[in-house]
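A short write-up of the structure that comes next.
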2 protein chains.
Amino acid sequence: MTTLHGSPTFRPLYEQIKILITQSLVSGEWKPGEIIPSEIDLAKRYKVSQGTVRKAIDELAAENILVRRQGKGTFVATHTEEKRKYYYLRLFNESGEKEEPVSELLTWNKIKADAKMAHVLGVRKGSPLIELTRVLRMNGKPVIYDEIRLSPTLFKGLTAAKINEFQGTIYSLYETLYGLRIVQAEERLKAIPASPKVAGHLGLKAGEPILSIERVALTYGDKPVEWRVSLCNTENHYYLNEIG
Amino acid sequence: MTTLHGSPTFRPLYEQIKILITQSLVSGEWKPGEIIPSEIDLAKRYKVSQGTVRKAIDELAAENILVRRQGKGTFVATHTEEKRKYYYLRLFNESGEKEEPVSELLTWNKIKADAKMAHVLGVRKGSPLIELTRVLRMNGKPVIYDEIRLSPTLFKGLTAAKINEFQGTIYSLYETLYGLRIVQAEERLKAIPASPKVAGHLGLKAGEPILSIERVALTYGDKPVEWRVSLCNTENHYYLNEIG
DNA sequence: GAGTGGTCTAGACCACACC
DNA sequence: GTGTGGTCTAGACCACTCC
């Protein structure tokens, strides 16, 4: 690979390497949980120095796309491993613990994308979407009511049965069954009154305050994969955010 | 500086450099907004290679403690500069814009630290604290009611008059008048019903849902400086969180 | 042109995991 | 021991800013 220094559209070599590595992740050459070639091998493959590969991997590791393990190698991050399992769940109980949620699927429906869904999911208005609703219980009590919307183009053949029989979180289902790894999410939070329906699911009275978390989840290359809204009973839990 | 490789308490050189740089920041050798010595000069000073200094600065820049500017130098980050001015304010209006808040100080009081305040602010139970309350208006309308608690040990002589006459955000006040730069914050969010008092300040009815944001703000070395709770009317605003 | 940070290289050696 | 990532060095050259 030749340097592009001095070129009008200057891009550092390591960024180009990042793109090449990401392409191999998207194409499935290296799957979640698998090891990727060593830095030395990648340096040979891309015809750059080990230091340049290192910088590319450093940034991908900082973005939680790869995981380095000294003495072992570099691995594709996965939602299957314990540490990342509930990475996107920001709810803690009053003791500061993250409780293991138990999910119950309530409904599975085909709906049509309105203007907003079309925009955030990058599909045409009126195109079909899958809509799931579920309740997450922590310590036996319902805490979160989820409404999840997915494009059936990305999730071909996703049925309620498939979801119910799958062992693991829904993001590890995306990953395992559809090769879609969630690497980023954007959440918008509001305090809203509980509707009668949601209040019923969460054991609250209608009108009581609940935390609404609207999320867009993205895969490699900022591609939107999922929209959801999580309605949370925050009587005994809080949403934690650390601002660095 | 000699390498500690092989030592039982192995610490990479660049981490030691990070600590040394941070010490100079705490001691005030380099103040917010000021330039620090060039990488080459720091390398000479600490008797390490430029690459090692570079890695230390890289991490401090990633932590928003330093700011690199190509061709100019490396600077101590500051809340005074436009980009960082409202960095810890995560509230956006429905158009996705961050609105400029206007602050009105409501009360200034001396209180005593209860067990919780003592714990989070690292002071003795019963020791004096300063308590401020204020309202933040956006676009003329009250959106946030703040309750802020500070240790008078760190903020000697902080009076209501001093706050009122200060031009700029309260974090730039901490920085300019007391040399305390906020570099990190931990926020705990809940949806709660508005109390009659807070409802009055925010133009809501008592019991309507508001977003409660409890924040502990830290300076260098994870030292707590401020506790606050922000009670937000999220009818026309949302709290944004990007999870990487 | 001089000085700063940014990129890239090549090579040495250390720490860690696995055999 | 071998192979992996992690640290550290020295040096070259590029890009940006200011004079």
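Labeling convention for the structure tokens: chains A, B, ... as they appear, residues from 1 per chain, ligands from 1 in order of appearance.
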
- [ ] Considering only C-alpha atoms (C1' of nucleotides), return as number ranges by chain whatever protein or nucleic-acid residues lie within 8 Å of stretch 141-151 of chain B, sequence-local ones (same chain, fewer than 2 positions apart) excluded.
- [x] B: 121, 123, 128-139, 153-155, 198, 201-203, 225-234

Go through chain D and flag each residue having an atom no more than 12 Å from stretch 46-69 of chain A; for those, report the closest pair of atoms plus their distance in Å to one decimal, using only C-alpha atoms (C1' of nucleotides), ordered by chain and rising number, as CSV.
residue,atom,partner,partner_atom,distance
D:DT4,C1',A:Arg69,CA,8.5
D:DG5,C1',A:Arg69,CA,6.8
D:DG6,C1',A:Arg69,CA,10.3
D:DT7,C1',A:Gly51,CA,11.9

Keeping all heavy atoms for every residue in the selection just given, could you write it to a file as a compact mmCIF listing (two decimals), in the first residue's frame?
# COMPACT_ATOMS: atom_id res chain seq x y z
P DT D 4 1.31 -15.17 16.22
OP1 DT D 4 0.30 -15.63 15.27
OP2 DT D 4 2.57 -14.53 15.76
O5' DT D 4 0.63 -14.15 17.24
C5' DT D 4 -0.58 -14.51 17.92
C4' DT D 4 -0.71 -13.67 19.14
O4' DT D 4 0.42 -13.94 20.01
C3' DT D 4 -0.61 -12.17 18.91
O3' DT D 4 -1.84 -11.62 18.56
C2' DT D 4 -0.15 -11.66 20.27
C1' DT D 4 0.55 -12.86 20.90
N1 DT D 4 1.99 -12.63 21.18
C2 DT D 4 2.34 -12.24 22.42
O2 DT D 4 1.51 -12.04 23.31
N3 DT D 4 3.68 -12.04 22.62
C4 DT D 4 4.69 -12.23 21.70
O4 DT D 4 5.86 -12.04 21.99
C5 DT D 4 4.25 -12.65 20.39
C7 DT D 4 5.27 -12.87 19.31
C6 DT D 4 2.94 -12.83 20.20
P DG D 5 -1.90 -10.09 18.07
OP1 DG D 5 -3.22 -9.88 17.45
OP2 DG D 5 -0.68 -9.81 17.30
O5' DG D 5 -1.82 -9.28 19.42
C5' DG D 5 -2.90 -9.29 20.33
C4' DG D 5 -2.47 -8.73 21.66
O4' DG D 5 -1.14 -9.20 21.96
C3' DG D 5 -2.37 -7.20 21.72
O3' DG D 5 -2.75 -6.77 23.02
C2' DG D 5 -0.90 -6.95 21.46
C1' DG D 5 -0.29 -8.11 22.24
N9 DG D 5 1.06 -8.44 21.83
C8 DG D 5 1.48 -8.90 20.61
N7 DG D 5 2.77 -9.08 20.54
C5 DG D 5 3.23 -8.72 21.80
C6 DG D 5 4.55 -8.70 22.33
O6 DG D 5 5.60 -9.04 21.76
N1 DG D 5 4.58 -8.26 23.66
C2 DG D 5 3.47 -7.87 24.36
N2 DG D 5 3.68 -7.46 25.61
N3 DG D 5 2.24 -7.89 23.88
C4 DG D 5 2.18 -8.32 22.60
P DG D 6 -2.66 -5.22 23.43
OP1 DG D 6 -3.69 -4.94 24.45
OP2 DG D 6 -2.60 -4.46 22.17
O5' DG D 6 -1.24 -5.13 24.14
C5' DG D 6 -1.13 -5.34 25.54
C4' DG D 6 0.06 -4.57 26.07
O4' DG D 6 1.27 -5.08 25.48
C3' DG D 6 0.03 -3.08 25.75
O3' DG D 6 0.38 -2.36 26.93
C2' DG D 6 1.05 -2.92 24.64
C1' DG D 6 2.05 -4.02 24.98
N9 DG D 6 2.80 -4.51 23.83
C8 DG D 6 2.28 -4.92 22.62
N7 DG D 6 3.20 -5.31 21.77
C5 DG D 6 4.39 -5.14 22.46
C6 DG D 6 5.73 -5.41 22.06
O6 DG D 6 6.13 -5.83 20.97
N1 DG D 6 6.64 -5.10 23.08
C2 DG D 6 6.31 -4.62 24.31
N2 DG D 6 7.31 -4.39 25.14
N3 DG D 6 5.06 -4.38 24.70
C4 DG D 6 4.16 -4.66 23.73
P DT D 7 0.60 -0.79 26.89
OP1 DT D 7 0.21 -0.29 28.22
OP2 DT D 7 -0.03 -0.23 25.66
O5' DT D 7 2.16 -0.65 26.75
C5' DT D 7 2.98 -1.14 27.81
C4' DT D 7 4.42 -0.87 27.51
O4' DT D 7 4.79 -1.50 26.26
C3' DT D 7 4.78 0.62 27.34
O3' DT D 7 5.78 0.90 28.30
C2' DT D 7 5.24 0.74 25.89
C1' DT D 7 5.73 -0.66 25.60
N1 DT D 7 5.74 -1.11 24.20
C2 DT D 7 6.94 -1.46 23.63
O2 DT D 7 8.00 -1.42 24.24
N3 DT D 7 6.86 -1.88 22.32
C4 DT D 7 5.72 -1.98 21.55
O4 DT D 7 5.78 -2.38 20.39
C5 DT D 7 4.50 -1.59 22.20
C7 DT D 7 3.20 -1.67 21.45
C6 DT D 7 4.57 -1.18 23.48

Open item on the list: Distance limit 9 Å, atoms considered: only C-alpha atoms (C1' of nucleotides). Which chain B residues sit that close to chain C? Return them as a PyMOL selection string.
Closed with: chain B and resi 5-6+38-39+68-74

Open item on the list: DSSP on the backbone, strand (DSSP E or B) only: what residues of stretch 94-235 of chain B does that give? Format it as a count of residues only.
Closed with: 64

- [ ] Write out as a count of residues only each polymer residue whose atoms come within 6 Å of stretch 179-184 of chain B, counting only C-alpha atoms (C1' of nucleotides); drop sequence neighbours fewer than 6 positions from it.
- [x] 5

Open item on the list: Show me, as a list in words, every residue of chain B with an atom at most 7 Å from chain A, counting only C-alpha atoms.
Closed with: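 The complete set of qualifying residues is Glu63, Val183, Gln184, Ala185, Glu186, Glu187, Arg188, Leu189, Lys190, Ala191, Ile192, Pro193, Pro209, Ile210, Leu211, Thr234, Tyr238, Tyr239, Leu240, Asn241, Glu242, Ile243 and Gly244 of chain B.
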
TODO: Rank A:Glu104, A:Glu165, A:Asp41, A:Glu99 by their smallest atom-to-atom distance to chain D, using only C-alpha atoms (C1' of nucleotides), and report the top residue only.
DONE: A:Asp41

Open item on the list: Distance cut-off 9 Å, counting only C-alpha atoms (C1' of nucleotides) - which residues of chain D neighbour chain B? Return them as a list of chain:residue names.
Closed with: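 My answer is D:DT7, D:DC8, D:DT9, D:DA10, D:DA15, D:DC16, D:DT17, D:DC18.
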
- [ ] Give me the residues within 8 Å of A:Ser127 as a ChimeraX atom specification, counting only C-alpha atoms (C1' of nucleotides) and dropping any in the same chain fewer than 4 places off.
- [x] /A:112-113,118,123

Residues of stretch 1-243 of chain B in alpha helix (DSSP H) according to DSSP, as a PDB file with C-alpha atoms, in the first residue's frame?
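What follows is the written file out20.pdb:
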ATOM      1  CA  LEU B  13       6.115   4.736  31.507  1.00  0.00           C
ATOM      2  CA  TYR B  14       3.407   6.652  29.680  1.00  0.00           C
ATOM      3  CA  GLU B  15       1.051   6.191  32.639  1.00  0.00           C
ATOM      4  CA  GLN B  16       3.650   7.663  34.931  1.00  0.00           C
ATOM      5  CA  ILE B  17       3.977  10.585  32.499  1.00  0.00           C
ATOM      6  CA  LYS B  18       0.183  10.969  32.602  1.00  0.00           C
ATOM      7  CA  ILE B  19       0.364  11.238  36.375  1.00  0.00           C
ATOM      8  CA  LEU B  20       3.174  13.794  36.209  1.00  0.00           C
ATOM      9  CA  ILE B  21       1.255  15.912  33.705  1.00  0.00           C
ATOM     10  CA  THR B  22      -1.901  15.683  35.805  1.00  0.00           C
ATOM     11  CA  GLN B  23       0.085  16.810  38.846  1.00  0.00           C
ATOM     12  CA  SER B  24       1.183  19.909  36.969  1.00  0.00           C
ATOM     13  CA  LEU B  25      -2.457  20.559  36.088  1.00  0.00           C
ATOM     14  CA  VAL B  26      -3.611  20.167  39.692  1.00  0.00           C
ATOM     15  CA  SER B  27      -0.786  22.360  41.012  1.00  0.00           C
ATOM     16  CA  GLU B  39       5.960  17.128  23.092  1.00  0.00           C
ATOM     17  CA  ILE B  40       9.680  17.477  22.435  1.00  0.00           C
ATOM     18  CA  ASP B  41      10.184  19.707  25.477  1.00  0.00           C
ATOM     19  CA  LEU B  42       8.163  17.390  27.705  1.00  0.00           C
ATOM     20  CA  ALA B  43      10.182  14.430  26.420  1.00  0.00           C
ATOM     21  CA  LYS B  44      13.383  16.213  27.463  1.00  0.00           C
ATOM     22  CA  ARG B  45      11.895  17.188  30.818  1.00  0.00           C
ATOM     23  CA  TYR B  46      10.793  13.672  31.682  1.00  0.00           C
ATOM     24  CA  GLN B  50       8.595  11.844  22.231  1.00  0.00           C
ATOM     25  CA  GLY B  51       6.479   8.793  21.430  1.00  0.00           C
ATOM     26  CA  THR B  52       5.942   8.044  25.096  1.00  0.00           C
ATOM     27  CA  VAL B  53       4.892  11.620  25.852  1.00  0.00           C
ATOM     28  CA  ARG B  54       2.634  11.403  22.815  1.00  0.00           C
ATOM     29  CA  LYS B  55       0.831   8.352  24.149  1.00  0.00           C
ATOM     30  CA  ALA B  56       0.317  10.033  27.542  1.00  0.00           C
ATOM     31  CA  ILE B  57      -1.081  13.168  25.898  1.00  0.00           C
ATOM     32  CA  ASP B  58      -3.233  11.055  23.570  1.00  0.00           C
ATOM     33  CA  GLU B  59      -5.000   9.505  26.538  1.00  0.00           C
ATOM     34  CA  LEU B  60      -5.401  12.795  28.392  1.00  0.00           C
ATOM     35  CA  ALA B  61      -6.857  14.289  25.219  1.00  0.00           C
ATOM     36  CA  ALA B  62      -9.274  11.344  24.932  1.00  0.00           C
ATOM     37  CA  ALA B 115     -24.909  10.938  55.577  1.00  0.00           C
ATOM     38  CA  LYS B 116     -25.450  10.747  51.824  1.00  0.00           C
ATOM     39  CA  MET B 117     -23.906  14.149  51.072  1.00  0.00           C
ATOM     40  CA  ALA B 118     -20.984  13.340  53.333  1.00  0.00           C
ATOM     41  CA  HIS B 119     -20.420  10.151  51.384  1.00  0.00           C
ATOM     42  CA  VAL B 120     -20.646  11.542  47.859  1.00  0.00           C
ATOM     43  CA  LEU B 121     -18.714  14.757  48.561  1.00  0.00           C
ATOM     44  CA  ALA B 160     -24.703  34.757  46.026  1.00  0.00           C
ATOM     45  CA  ALA B 161     -23.397  38.134  44.837  1.00  0.00           C
ATOM     46  CA  LYS B 162     -20.257  36.501  43.429  1.00  0.00           C
ATOM     47  CA  ILE B 163     -22.371  34.035  41.472  1.00  0.00           C
ATOM     48  CA  ASN B 164     -24.717  36.682  40.173  1.00  0.00           C
ATOM     49  CA  GLU B 165     -21.985  38.987  38.913  1.00  0.00           C
ATOM     50  CA  ILE B 170     -21.150  27.878  36.797  1.00  0.00           C
ATOM     51  CA  TYR B 171     -18.455  25.384  35.771  1.00  0.00           C
ATOM     52  CA  SER B 172     -16.374  28.172  34.298  1.00  0.00           C
ATOM     53  CA  LEU B 173     -16.857  29.965  37.622  1.00  0.00           C
ATOM     54  CA  TYR B 174     -15.474  26.942  39.465  1.00  0.00           C
ATOM     55  CA  GLU B 175     -12.554  26.967  37.073  1.00  0.00           C
ATOM     56  CA  THR B 176     -11.817  30.688  36.963  1.00  0.00           C
ATOM     57  CA  LEU B 177     -12.389  31.584  40.617  1.00  0.00           C
ATOM     58  CA  TYR B 178     -11.410  28.340  42.336  1.00  0.00           C
ATOM     59  CA  PRO B 196     -45.784  21.443  44.296  1.00  0.00           C
ATOM     60  CA  LYS B 197     -42.750  23.713  44.774  1.00  0.00           C
ATOM     61  CA  VAL B 198     -40.852  22.452  41.741  1.00  0.00           C
ATOM     62  CA  ALA B 199     -44.014  22.327  39.652  1.00  0.00           C
ATOM     63  CA  GLY B 200     -44.474  25.997  40.433  1.00  0.00           C
ATOM     64  CA  HIS B 201     -40.978  26.849  39.267  1.00  0.00           C
ATOM     65  CA  LEU B 202     -41.348  24.876  36.054  1.00  0.00           C
TER      66      LEU B 202
END
